[in-house]
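So this block is entry-v8.txt, compact mmCIF, C-alpha atoms and all ligand atoms:
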# COMPACT_ATOMS: atom_id res chain seq x y z
CA MET A 1 34.48 2.16 -50.74
CA GLY A 2 32.92 3.01 -47.40
CA SER A 3 30.15 4.99 -49.09
CA ALA A 4 29.59 2.34 -51.76
CA THR A 5 29.05 -0.25 -49.03
CA GLY A 6 26.79 2.22 -47.23
CA GLN A 7 24.72 2.70 -50.38
CA ARG A 8 24.43 -1.03 -50.91
CA ARG A 9 23.28 -1.38 -47.31
CA ARG A 10 20.63 1.29 -47.81
CA VAL A 11 19.30 -0.49 -50.90
CA VAL A 12 19.11 -3.77 -48.99
CA ARG A 13 17.19 -2.11 -46.17
CA LYS A 14 14.67 -0.56 -48.56
CA ASP A 15 14.00 -3.85 -50.32
CA ALA A 16 13.97 -6.02 -47.23
CA PRO A 17 10.28 -5.73 -46.26
CA ALA A 18 9.13 -6.32 -49.83
CA ARG A 19 11.40 -9.33 -50.21
CA ALA A 20 10.40 -10.80 -46.83
CA PHE A 21 6.79 -10.42 -47.93
CA GLU A 22 7.44 -12.15 -51.24
CA GLN A 23 9.17 -15.05 -49.50
CA PHE A 24 5.95 -16.27 -47.89
CA ASP A 25 3.18 -16.54 -50.47
CA TYR A 26 0.42 -17.11 -47.96
CA VAL A 27 -2.45 -17.21 -50.46
CA GLU A 28 -0.64 -20.06 -52.22
CA TYR A 29 -0.05 -21.73 -48.84
CA MET A 30 -3.79 -21.41 -48.10
CA ALA A 31 -4.69 -22.98 -51.43
CA GLN A 32 -2.26 -25.87 -50.90
CA HIS A 33 -3.51 -26.57 -47.38
CA GLY A 34 -7.20 -25.86 -47.98
CA HIS A 35 -7.62 -22.84 -45.71
CA GLU A 36 -10.88 -20.97 -46.15
CA GLU A 37 -10.05 -17.54 -44.77
CA VAL A 38 -7.52 -15.40 -42.97
CA ALA A 39 -8.58 -12.19 -41.26
CA THR A 40 -6.12 -9.65 -39.91
CA TYR A 41 -6.85 -6.83 -37.48
CA PHE A 42 -5.18 -3.70 -36.18
CA ASP A 43 -6.89 -1.69 -33.46
CA ARG A 44 -5.87 1.95 -33.64
CA GLU A 45 -6.77 2.73 -30.05
CA THR A 46 -4.94 -0.10 -28.27
CA GLY A 47 -2.34 -1.13 -30.83
CA LEU A 48 -3.71 -4.70 -30.94
CA ARG A 49 -2.39 -6.71 -33.87
CA ALA A 50 -4.13 -10.04 -34.42
CA ILE A 51 -4.74 -12.71 -37.04
CA ILE A 52 -7.53 -15.28 -37.19
CA ALA A 53 -7.27 -18.25 -39.58
CA LEU A 54 -10.29 -20.38 -40.49
CA HIS A 55 -9.03 -23.63 -41.95
CA ASP A 56 -12.11 -25.79 -42.57
CA THR A 57 -15.65 -25.23 -41.31
CA THR A 58 -17.24 -28.28 -42.99
CA LEU A 59 -17.99 -29.98 -39.67
CA GLY A 60 -19.06 -26.84 -37.77
CA PRO A 61 -17.89 -23.40 -36.64
CA GLY A 62 -14.11 -23.02 -36.45
CA VAL A 63 -12.89 -23.41 -32.88
CA GLY A 64 -9.36 -22.86 -31.61
CA GLY A 65 -7.55 -20.95 -28.92
CA THR A 66 -5.93 -17.54 -29.05
CA ARG A 67 -2.15 -17.56 -28.68
CA ILE A 68 -0.27 -14.44 -27.62
CA ARG A 69 3.44 -14.33 -28.41
CA ARG A 70 6.25 -12.02 -29.44
CA TYR A 71 6.85 -13.10 -33.03
CA ALA A 72 9.99 -12.15 -34.94
CA SER A 73 7.80 -11.01 -37.86
CA SER A 74 4.19 -10.98 -39.02
CA ALA A 75 5.09 -13.69 -41.55
CA GLU A 76 6.13 -15.94 -38.67
CA ALA A 77 2.85 -15.23 -36.86
CA LEU A 78 0.88 -15.91 -40.04
CA LEU A 79 2.57 -19.25 -40.64
CA ASP A 80 1.98 -20.20 -37.00
CA VAL A 81 -1.75 -19.44 -37.15
CA LEU A 82 -2.14 -21.21 -40.50
CA ARG A 83 -0.45 -24.38 -39.23
CA LEU A 84 -2.29 -24.33 -35.91
CA SER A 85 -5.70 -23.82 -37.52
CA GLU A 86 -5.16 -26.80 -39.84
CA GLY A 87 -4.27 -28.99 -36.86
CA MET A 88 -7.56 -27.97 -35.22
CA THR A 89 -9.56 -29.28 -38.21
CA TYR A 90 -7.97 -32.73 -37.90
CA LYS A 91 -8.25 -32.67 -34.13
CA ALA A 92 -12.03 -32.07 -34.23
CA ALA A 93 -12.48 -34.58 -37.06
CA VAL A 94 -10.62 -37.44 -35.33
CA ALA A 95 -12.32 -36.69 -31.99
CA GLY A 96 -15.73 -36.92 -33.74
CA LEU A 97 -16.74 -33.38 -32.74
CA PRO A 98 -19.12 -31.18 -34.80
CA LEU A 99 -16.52 -28.40 -34.98
CA GLY A 100 -14.27 -26.92 -37.62
CA GLY A 101 -10.62 -25.85 -37.39
CA ALA A 102 -9.47 -22.33 -36.62
CA LYS A 103 -6.98 -20.45 -34.50
CA ALA A 104 -5.98 -16.91 -33.58
CA VAL A 105 -2.69 -15.25 -32.74
CA ILE A 106 -2.05 -11.91 -31.08
CA LEU A 107 1.31 -10.34 -31.97
CA ALA A 108 2.62 -9.19 -28.59
CA ASP A 109 4.95 -6.19 -28.32
CA GLY A 110 5.71 -6.47 -24.59
CA GLU A 111 3.55 -3.41 -23.72
CA GLU A 112 0.68 -5.67 -22.61
CA GLU A 113 3.02 -7.37 -20.11
CA ARG A 114 3.95 -4.06 -18.49
CA ASP A 115 0.44 -2.56 -18.44
CA SER A 116 -2.47 -4.75 -17.32
CA ALA A 117 -5.10 -2.12 -18.28
CA LEU A 118 -3.72 -2.08 -21.82
CA ARG A 119 -3.74 -5.88 -21.92
CA ALA A 120 -7.42 -5.90 -20.87
CA ALA A 121 -8.28 -3.25 -23.50
CA ARG A 122 -6.50 -5.24 -26.22
CA PHE A 123 -8.44 -8.39 -25.33
CA ARG A 124 -11.71 -6.42 -25.41
CA ALA A 125 -10.72 -5.15 -28.86
CA PHE A 126 -9.89 -8.71 -29.86
CA GLY A 127 -13.42 -9.69 -28.75
CA ARG A 128 -14.83 -7.17 -31.25
CA PHE A 129 -12.65 -8.71 -33.96
CA VAL A 130 -13.99 -12.21 -33.13
CA GLU A 131 -17.55 -10.82 -33.18
CA SER A 132 -16.99 -9.39 -36.67
CA LEU A 133 -16.73 -12.98 -37.98
CA GLY A 134 -20.35 -13.58 -36.92
CA GLY A 135 -19.83 -16.87 -35.02
CA ARG A 136 -17.82 -18.63 -37.71
CA TYR A 137 -14.92 -18.49 -35.24
CA ILE A 138 -15.17 -19.35 -31.53
CA THR A 139 -12.15 -18.63 -29.38
CA ALA A 140 -10.63 -20.08 -26.18
CA GLU A 141 -7.33 -20.10 -24.26
CA ASP A 142 -4.01 -21.09 -25.73
CA VAL A 143 -0.35 -20.40 -24.97
CA GLY A 144 -0.06 -17.10 -23.09
CA THR A 145 -3.79 -16.52 -22.50
CA SER A 146 -5.94 -17.21 -19.43
CA PRO A 147 -9.60 -17.42 -18.34
CA GLN A 148 -9.28 -13.74 -17.24
CA ASP A 149 -8.35 -12.78 -20.81
CA MET A 150 -11.39 -14.75 -22.02
CA ALA A 151 -13.58 -12.72 -19.66
CA GLN A 152 -12.29 -9.52 -21.36
CA ILE A 153 -12.93 -11.02 -24.81
CA ARG A 154 -16.49 -11.84 -23.74
CA GLN A 155 -17.21 -8.13 -23.33
CA GLY A 156 -16.96 -7.87 -27.12
CA THR A 157 -18.43 -11.20 -28.25
CA ARG A 158 -20.47 -14.25 -27.24
CA HIS A 159 -18.20 -16.47 -29.30
CA VAL A 160 -15.71 -17.30 -26.57
CA VAL A 161 -15.41 -20.22 -24.15
CA GLY A 162 -13.23 -20.93 -21.13
CA VAL A 163 -14.20 -17.82 -19.14
CA PRO A 164 -13.68 -18.19 -15.35
CA ARG A 165 -15.88 -20.61 -13.39
CA GLU A 166 -17.17 -17.78 -11.16
CA ASP A 167 -18.62 -16.19 -14.31
CA GLY A 168 -20.41 -19.41 -15.35
CA GLY A 169 -17.71 -20.56 -17.73
CA SER A 170 -15.70 -23.77 -17.74
CA GLY A 171 -12.40 -22.13 -16.74
CA ASP A 172 -9.02 -23.31 -17.94
CA PRO A 173 -9.27 -26.43 -20.15
CA SER A 174 -5.61 -27.35 -19.53
CA PRO A 175 -6.20 -29.96 -16.76
CA THR A 176 -8.61 -31.72 -19.16
CA THR A 177 -5.97 -31.64 -21.89
CA ALA A 178 -3.50 -33.15 -19.44
CA TYR A 179 -6.01 -35.83 -18.44
CA GLY A 180 -6.48 -36.71 -22.13
CA VAL A 181 -2.70 -37.06 -22.47
CA VAL A 182 -2.65 -39.46 -19.50
CA CYS A 183 -5.40 -41.57 -21.15
CA GLY A 184 -3.49 -41.56 -24.44
CA VAL A 185 -0.20 -42.47 -22.76
CA ARG A 186 -1.96 -45.50 -21.22
CA ALA A 187 -2.94 -46.71 -24.71
CA LEU A 188 0.60 -46.29 -26.07
CA VAL A 189 2.32 -47.85 -23.08
CA GLU A 190 0.03 -50.85 -23.48
CA GLU A 191 0.88 -51.08 -27.18
CA ALA A 192 4.64 -50.46 -27.02
CA LEU A 193 5.57 -51.86 -23.61
CA GLY A 194 2.77 -54.38 -23.01
CA ARG A 195 1.99 -52.79 -19.64
CA SER A 196 -1.53 -51.90 -18.48
CA SER A 197 -0.44 -49.48 -15.74
CA LEU A 198 1.69 -46.35 -15.69
CA ALA A 199 3.06 -47.15 -12.23
CA GLY A 200 6.82 -46.82 -12.43
CA ALA A 201 6.76 -45.64 -16.08
CA ARG A 202 9.37 -42.90 -16.71
CA VAL A 203 7.90 -39.81 -18.38
CA ALA A 204 9.98 -36.78 -19.44
CA VAL A 205 7.77 -33.67 -19.53
CA GLN A 206 9.06 -30.77 -21.68
CA GLY A 207 7.39 -27.56 -20.46
CA LEU A 208 5.60 -27.12 -17.13
CA GLY A 209 2.99 -24.56 -18.18
CA HIS A 210 -0.76 -24.94 -17.81
CA VAL A 211 -0.84 -28.43 -19.31
CA GLY A 212 2.63 -29.71 -18.39
CA MET A 213 2.29 -28.89 -14.67
CA SER A 214 -1.10 -30.59 -14.48
CA LEU A 215 0.25 -33.57 -16.45
CA ALA A 216 3.18 -33.92 -14.04
CA GLU A 217 0.78 -33.75 -11.11
CA GLN A 218 -1.64 -36.37 -12.52
CA LEU A 219 1.21 -38.72 -13.45
CA LEU A 220 2.79 -38.45 -10.01
CA ARG A 221 -0.31 -38.43 -7.83
CA ASP A 222 -2.83 -40.59 -9.74
CA GLU A 223 -0.65 -42.92 -11.80
CA GLY A 224 2.46 -43.58 -9.69
CA ALA A 225 4.71 -42.67 -12.63
CA VAL A 226 8.26 -41.31 -12.45
CA VAL A 227 8.43 -37.73 -13.81
CA ILE A 228 11.49 -35.89 -15.13
CA ALA A 229 10.66 -32.32 -16.12
CA ALA A 230 12.08 -29.06 -17.47
CA ASP A 231 10.97 -25.53 -18.24
CA VAL A 232 12.79 -22.49 -19.60
CA ARG A 233 11.20 -20.12 -17.05
CA PRO A 234 13.05 -20.13 -13.69
CA GLU A 235 9.90 -19.12 -11.75
CA ILE A 236 8.04 -22.14 -13.14
CA VAL A 237 10.92 -24.44 -12.24
CA GLU A 238 10.75 -23.01 -8.73
CA GLU A 239 6.99 -23.58 -8.54
CA ALA A 240 7.47 -27.21 -9.62
CA ARG A 241 10.18 -27.66 -7.00
CA THR A 242 7.80 -26.35 -4.32
CA ARG A 243 4.89 -28.52 -5.50
CA PHE A 244 6.66 -31.81 -6.15
CA GLY A 245 10.11 -31.41 -4.57
CA GLY A 246 9.26 -33.76 -1.71
CA GLU A 247 8.32 -36.50 -4.16
CA ALA A 248 11.06 -39.11 -4.72
CA ARG A 249 9.67 -39.91 -8.18
CA PHE A 250 10.14 -36.31 -9.38
CA SER A 251 13.28 -34.64 -10.74
CA LEU A 252 14.17 -31.55 -12.77
CA VAL A 253 16.72 -31.30 -15.58
CA SER A 254 17.88 -28.53 -17.91
CA PRO A 255 15.54 -27.64 -20.83
CA ASP A 256 18.37 -28.45 -23.27
CA GLU A 257 18.54 -32.01 -22.03
CA ILE A 258 14.95 -32.98 -21.39
CA HIS A 259 14.42 -34.69 -24.76
CA MET A 260 17.62 -36.73 -24.26
CA GLN A 261 16.47 -38.38 -21.03
CA GLU A 262 16.35 -42.13 -20.90
CA CYS A 263 12.64 -42.77 -20.38
CA ASP A 264 9.55 -44.66 -21.58
CA VAL A 265 7.65 -41.56 -22.72
CA PHE A 266 8.82 -38.17 -23.92
CA ALA A 267 5.94 -35.68 -23.48
CA PRO A 268 6.40 -32.39 -25.40
CA CYS A 269 4.22 -29.81 -23.62
CA ALA A 270 5.95 -26.57 -24.66
CA LEU A 271 5.85 -25.03 -28.13
CA GLY A 272 5.82 -26.66 -31.56
CA ALA A 273 8.55 -28.14 -33.79
CA THR A 274 10.64 -29.56 -30.94
CA LEU A 275 10.86 -32.85 -32.90
CA ASN A 276 13.11 -32.46 -35.91
CA PRO A 277 16.11 -34.13 -37.59
CA ILE A 278 18.39 -32.79 -34.83
CA THR A 279 16.37 -33.83 -31.78
CA ILE A 280 14.81 -37.11 -33.03
CA PRO A 281 18.19 -38.97 -33.18
CA GLN A 282 18.85 -37.75 -29.61
CA LEU A 283 15.65 -39.23 -28.15
CA ARG A 284 16.06 -42.14 -25.73
CA CYS A 285 12.41 -43.09 -25.33
CA ARG A 286 9.98 -45.67 -26.73
CA ILE A 287 7.01 -43.32 -27.03
CA VAL A 288 6.40 -39.65 -27.87
CA ALA A 289 3.11 -38.49 -26.38
CA GLY A 290 2.50 -34.92 -25.26
CA ALA A 291 0.15 -31.95 -25.42
CA ALA A 292 2.07 -29.50 -27.62
CA ASN A 293 0.57 -28.62 -30.98
CA ASN A 294 2.64 -29.15 -34.14
CA GLN A 295 5.30 -31.21 -32.39
CA LEU A 296 6.89 -32.31 -35.67
CA ALA A 297 8.81 -29.59 -37.54
CA ASP A 298 7.90 -31.34 -40.82
CA GLU A 299 5.04 -33.76 -40.37
CA ASP A 300 5.75 -36.41 -43.02
CA ARG A 301 9.53 -36.33 -42.73
CA ASP A 302 9.64 -36.39 -38.93
CA ALA A 303 6.84 -38.97 -38.53
CA ALA A 304 8.94 -41.23 -40.80
CA LEU A 305 12.10 -40.51 -38.75
CA LEU A 306 10.31 -41.52 -35.55
CA GLN A 307 8.98 -44.68 -37.18
CA GLU A 308 12.46 -45.60 -38.45
CA ARG A 309 13.74 -45.32 -34.89
CA GLY A 310 10.91 -47.57 -33.64
CA ILE A 311 9.46 -44.76 -31.51
CA LEU A 312 5.67 -44.82 -31.24
CA TYR A 313 4.18 -41.37 -31.85
CA ALA A 314 0.81 -40.43 -30.31
CA VAL A 315 -0.01 -37.80 -32.98
CA ASP A 316 -0.27 -34.42 -31.23
CA TYR A 317 -3.76 -33.46 -32.37
CA VAL A 318 -5.21 -36.82 -31.35
CA ILE A 319 -3.76 -37.03 -27.85
CA ASN A 320 -4.24 -33.34 -27.00
CA ALA A 321 -7.96 -33.22 -27.94
CA GLY A 322 -9.05 -33.01 -24.26
CA GLY A 323 -9.06 -29.20 -24.36
CA LEU A 324 -11.30 -29.17 -27.42
CA ILE A 325 -13.66 -31.75 -25.85
CA HIS A 326 -13.81 -29.43 -22.81
CA VAL A 327 -14.61 -26.47 -25.08
CA MET A 328 -17.40 -28.45 -26.82
CA GLN A 329 -18.96 -29.19 -23.42
CA ASP A 330 -18.66 -25.48 -22.54
CA LEU A 331 -20.58 -24.60 -25.71
CA GLN A 332 -23.32 -27.02 -24.67
CA ALA A 333 -23.37 -25.73 -21.07
CA ARG A 334 -24.04 -22.19 -22.37
CA GLY A 335 -22.63 -20.24 -19.45
CA ALA A 336 -23.97 -22.55 -16.71
CA TRP A 337 -21.06 -24.95 -16.19
CA SER A 338 -21.86 -27.56 -13.52
CA GLU A 339 -20.51 -30.73 -11.93
CA ILE A 340 -22.47 -32.72 -14.53
CA ASP A 341 -20.48 -31.02 -17.28
CA GLU A 342 -17.29 -31.70 -15.36
CA ALA A 343 -18.08 -35.43 -15.16
CA GLU A 344 -19.22 -35.57 -18.79
CA VAL A 345 -16.04 -33.90 -20.04
CA LYS A 346 -13.94 -36.44 -18.14
CA THR A 347 -15.83 -39.40 -19.61
CA ARG A 348 -15.61 -38.02 -23.14
CA THR A 349 -11.93 -37.21 -22.76
CA SER A 350 -11.18 -40.74 -21.54
CA HIS A 351 -12.25 -41.95 -25.02
CA ILE A 352 -8.91 -40.64 -26.32
CA TYR A 353 -7.63 -44.03 -25.10
CA GLU A 354 -9.98 -45.92 -27.49
CA THR A 355 -9.37 -43.45 -30.33
CA LEU A 356 -5.62 -44.04 -30.09
CA LYS A 357 -6.10 -47.82 -29.89
CA ARG A 358 -8.20 -47.69 -33.09
CA LEU A 359 -5.66 -45.48 -34.78
CA LEU A 360 -2.75 -47.76 -33.86
CA ALA A 361 -4.68 -50.81 -35.11
CA LEU A 362 -5.25 -49.06 -38.46
CA ALA A 363 -1.57 -48.05 -38.67
CA HIS A 364 -0.59 -51.65 -37.99
CA GLU A 365 -3.05 -53.14 -40.51
CA GLU A 366 -2.07 -50.75 -43.29
CA ALA A 367 1.64 -50.63 -42.38
CA ILE A 368 1.53 -46.83 -42.16
CA SER A 369 2.65 -44.41 -39.45
CA PRO A 370 0.19 -43.36 -36.72
CA HIS A 371 0.45 -39.87 -38.23
CA ALA A 372 -0.71 -41.16 -41.63
CA ALA A 373 -3.47 -43.23 -39.98
CA ALA A 374 -4.78 -40.15 -38.11
CA ARG A 375 -4.79 -38.12 -41.31
CA ARG A 376 -6.72 -40.88 -43.06
CA ILE A 377 -9.40 -41.05 -40.33
CA ALA A 378 -9.78 -37.24 -40.37
CA GLU A 379 -9.93 -36.95 -44.14
CA GLU A 380 -12.50 -39.73 -44.43
CA ARG A 381 -14.76 -37.95 -41.96
CA LEU A 382 -14.30 -34.62 -43.75
CA ARG A 383 -14.95 -36.21 -47.16
CA GLY A 384 -18.11 -37.86 -45.83
CA ALA A 385 -19.33 -34.56 -44.39
CA ARG A 386 -18.48 -32.65 -47.58
CA GLY A 387 -20.50 -35.22 -49.57
CA GLY A 388 -23.34 -34.67 -47.10
CA VAL A 389 -23.09 -30.89 -47.46
CA ARG A 390 -23.17 -31.17 -51.26
CA LYS A 391 -26.16 -33.58 -51.12
CA ASN A 392 -28.04 -31.26 -48.75
CA LYS A 393 -27.36 -28.31 -51.08
CA ARG A 394 -28.56 -30.37 -54.10
CA SER A 395 -31.78 -31.46 -52.37
CA ALA A 396 -32.42 -27.87 -51.24
CA ALA A 397 -31.91 -26.70 -54.85
CA ASN A 398 -34.30 -29.43 -56.12
CA ALA A 399 -36.87 -28.48 -53.50
CA ASN A 400 -36.56 -24.81 -54.54
CA ALA A 401 -36.93 -25.78 -58.20
CA ARG A 402 -40.07 -27.77 -57.36
CA ALA A 403 -41.54 -24.93 -55.24
P1 LIG B 501 1.90 -22.59 -21.48
O1 LIG B 501 2.39 -21.37 -22.15
O2 LIG B 501 1.13 -22.46 -20.21
O3 LIG B 501 3.12 -23.59 -21.21
C1 LIG B 501 4.20 -23.78 -22.06
C2 LIG B 501 5.42 -23.93 -21.16
O4 LIG B 501 6.53 -24.38 -21.94
C3 LIG B 501 5.84 -22.62 -20.51
O5 LIG B 501 5.94 -22.77 -19.10
C4 LIG B 501 7.20 -22.29 -21.14
O6 LIG B 501 8.07 -21.62 -20.28
C5 LIG B 501 7.68 -23.69 -21.48
N1 LIG B 501 8.68 -23.76 -22.53
C6 LIG B 501 8.78 -23.06 -23.69
N2 LIG B 501 9.83 -23.48 -24.41
C7 LIG B 501 10.41 -24.50 -23.72
C8 LIG B 501 11.51 -25.35 -23.94
N3 LIG B 501 12.24 -25.25 -25.04
N4 LIG B 501 11.83 -26.26 -23.00
C9 LIG B 501 11.10 -26.39 -21.87
N5 LIG B 501 10.02 -25.60 -21.61
C10 LIG B 501 9.68 -24.68 -22.52
O7 LIG B 501 1.04 -23.40 -22.57
P2 LIG B 501 0.02 -24.59 -22.31
O8 LIG B 501 -1.35 -24.06 -22.32
O9 LIG B 501 0.50 -25.43 -21.19
O10 LIG B 501 0.19 -25.40 -23.70
C11 LIG B 501 1.33 -26.18 -23.95
C12 LIG B 501 1.24 -26.76 -25.35
O11 LIG B 501 0.08 -27.58 -25.46
C13 LIG B 501 1.13 -25.72 -26.47
O12 LIG B 501 1.77 -26.18 -27.61
C14 LIG B 501 -0.39 -25.67 -26.72
O13 LIG B 501 -0.69 -25.22 -28.01
C15 LIG B 501 -0.74 -27.11 -26.53
N6 LIG B 501 -2.14 -27.33 -26.15
C16 LIG B 501 -2.64 -26.75 -25.04
C17 LIG B 501 -3.96 -27.00 -24.69
C18 LIG B 501 -4.55 -26.42 -23.44
O14 LIG B 501 -5.62 -26.89 -23.02
N7 LIG B 501 -3.89 -25.46 -22.81
C19 LIG B 501 -4.76 -27.82 -25.49
C20 LIG B 501 -4.19 -28.42 -26.62
C21 LIG B 501 -2.87 -28.17 -26.94

This structure in structure tokens:
Amino acid sequence: MGSATGQRRRVVRKDAPARAFEQFDYVEYMAQHGHEEVATYFDRETGLRAIIALHDTTLGPGVGGTRIRRYASSAEALLDVLRLSEGMTYKAAVAGLPLGGAKAVILADGEEERDSALRAARFRAFGRFVESLGGRYITAEDVGTSPQDMAQIRQGTRHVVGVPREDGGSGDPSPTTAYGVVCGVRALVEEALGRSSLAGARVAVQGLGHVGMSLAEQLLRDEGAVVIAADVRPEIVEEARTRFGGEARFSLVSPDEIHMQECDVFAPCALGATLNPITIPQLRCRIVAGAANNQLADEDRDAALLQERGILYAVDYVINAGGLIHVMQDLQARGAWSEIDEAEVKTRTSHIYETLKRLLALAHEEAISPHAAARRIAEERLRGARGGVRKNKRSAANANARA
């Protein structure tokens, strides 16, 4: 009996990778979601494992940050990069930017955390991978990466933004993303609570990383809001305590309870899928408006759940477009970032307020969710551009025929 069980176990182990592979038919997923290309890379010398997904380059080159994370499997990493790249297409389309949607993930193994020279070498190798796509993909920071990593990537490619300011780049776009969230929150507070100021508004910030910490700071210092915050990393909690501990309008709670806080705005600024059928019924807020990408575990289902509960949802890729607007300005600055670019990026990012107002008006008129309204605006712009691309191709073909 013991050996029979052992044999069965061995068979299961042998089949497991093949079955796991079969479970996620990524080519079918790409076809269903309209992805153009997925490129994978393994660097023999450094052990770098990375994936780049290009979702839609109709409006311009695919832009999106590089995320580094320890994934449970390559299938999980692949699904993450596919979902994130699609979000970037809609983000650029709604923000009116001439950019396409793309994203990259690096599959961390922990070695790069222990060895900074190895980390640098992996990012240089990643730069060569980005270069191999010939400018169809432009990278930037995302969760786990920094301007210093971008500087390493730049040794292998020109197609990177967000390198440190001292090297002529625009630095970390996170404060701009946070500023865009503040502008968006103003629009939603006006709509849902009929208030034109954020003074005294209670905001629960989930995740105090690059964006969340800056968001907490801007809300406390510039807006007079009340901030309740949480992070899973003790050292980050400690940093927040040092920075804002003296502030009466600031408090910290456990990460398990942050979404349950009684507040005006719940701001997810950690990882994706924190809004789902378990957490949505536990929310005690009027508005969900934060920086995290892919906040809804299942977009249509969870947008409907939020609407049923009368919670106004800012649509992640609309309210968190500040980082992408920053990146666009960096592309225009071409390595000579100045105060003029800084001011311009702030003005452009402040338009997230008007974009959200327009989106909410459309949702109201058509009796659809903000999520559906955002999708409609993005798809109309993409359809218009695709028509334009086809027309341009036709007139070029006619001109060639005439020549
Ligand atoms: P980050 O890694 O610096 O911060 C994320 C923080 O969330 C970390 O401090 C982490 O410890 C914390 N965290 C993780 N799980 C948590 C949980 N369950 N509860 C509480 N805290 C948790 O990343 P970031 O650059 O600040 O980005 C945050 C989110 O915003 C991501 O989803 C990112 O994709 C999105 N985003 C970032 C930018 C940008 O400019 N950085 C732009 C657009 C979107």

Next item on the list: Enumerate as number ranges by chain the residues within 6 Å of ligand LIG 501 (chain B), counting all atoms listed in the file.
Entry: A: 142-144, 173-174, 177, 206-212, 230-233, 255, 269-272, 291-293, 320, 323

Next item on the list: Would you mind reading off the distance between CA of Arg186 in chain A and CA of Glu141 in chain A, one decimal, in Å?
Entry: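 Spanning CA of Arg186 in chain A to CA of Glu141 in chain A is a straight-line distance of 26.1 Å.
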
Margin query: Give me, as a PyMOL selection string, all polymer residues having an atom no more than 9 Å from Thr279 in chain A, counting all atoms listed in the file and skipping those fewer than 5 positions away in the same chain.
Written below: chain A and resi 259-260+274

Margin query: Considering only C-alpha atoms, can you say which of A:Glu223, A:Asp172, A:Glu28, A:Asp167 comes closest to Ser146 in chain A?
Written below: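 Among the listed residues, A:Asp172 lies closest to Ser146 in chain A.
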
Checklist line | Contacts of range 305-310 of chain A within 7 Å, all atoms listed in the file, excl. fewer than 4 positions in-chain, as a PyMOL selection string | finding: chain A and resi 280+301+369

Margin query: Using Å and a single decimal, report how far CA of Gln32 in chain A sits from CA of Arg69 in chain A.
Written below: 25.9 Å

Margin query: At a cut-off of 7 Å, using only C-alpha atoms, what residues contact Tyr41 in chain A? Leave out same-chain residues fewer than 5 positions from it and give the result as an MDAnalysis selection string.
Written below: chainID A and resid 49:51

Notebook entry, point to check: Could you name the residues that touch Arg348 in chain A at 10 Å or less, counting only C-alpha atoms, but leaving out those on the same chain fewer than 2 positions away, as a PyMOL selection string?
Noted result: chain A and resi 95+180+322+325-326+329+343-346+350-352

Next item on the list: Determine the nearest neighbour of Ala72 in chain A from the options A:Asp256, A:Asp109, A:Glu166, A:Glu86, counting all atoms listed in the file.
Entry: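 Residue with the minimum atom-to-atom distance to Ala72 in chain A: A:Asp109.
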
Notebook entry, point to check: Between A:Ala102, A:Ala321, A:Val63, A:Leu220, which is the closest to Arg83 in chain A once you count all atoms listed in the file?
Noted result: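 The answer is A:Ala102, which sits nearest to Arg83 in chain A.
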
Next item on the list: Mind checking which residues fall within 12 Å of Gly134 in chain A, counting only C-alpha atoms, ignoring those fewer than 2 positions away in the same chain, and posting them as a list in words?
Entry: Pro61, Gly62, Gly127, Arg128, Phe129, Val130, Glu131, Ser132, Arg136, Tyr137, Ile138, Gly156, Thr157, Arg158, His159 and Val160 of chain A

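Considering only C-alpha atoms, the residue among A:Glu247, A:Glu191, A:Asp43, A:Glu380 positioned nearest to Ala216 in chain A is A:Glu247.
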
Range 343-354 of chain A, all listed atoms, 4 Å padding on each side: what axis-aligned box centre and edge lengths in Å to one decimal come out, as lines of an AutoDock Vina configuration file?
center_x = -13.4
center_y = -39.9
center_z = -21.3
size_x = 19.6
size_y = 20.0
size_z = 20.3

Notebook entry, point to check: Closest to Ser197 in chain A among A:Glu217, A:Glu238, A:Asp80, A:Asp222, using all atoms listed in the file?
Noted result: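 Closest residue, counting all atoms listed in the file: A:Asp222.
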
Margin query: When you count all atoms listed in the file, which of these residues is closest to Gly384 in chain A: A:Leu48, A:Met30, A:Leu59, A:Val161?
Written below: A:Leu59

Check: Quick one, how far is CA of Glu379 in chain A from CA of Thr176 in chain A?
Finding: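 Calculated distance between CA of Glu379 in chain A and CA of Thr176 in chain A is 25.6 Å.
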
Next item on the list: Around the point (-1.3, -37.2, -33.3) in the file's coordinates, collect all residues with an atom within 10 Å, using all atoms listed in the file, and return them as a ChimeraX atom specification.
Entry: /A:87,90-91,94,288-291,293-296,303,313-321,356,359,370-375
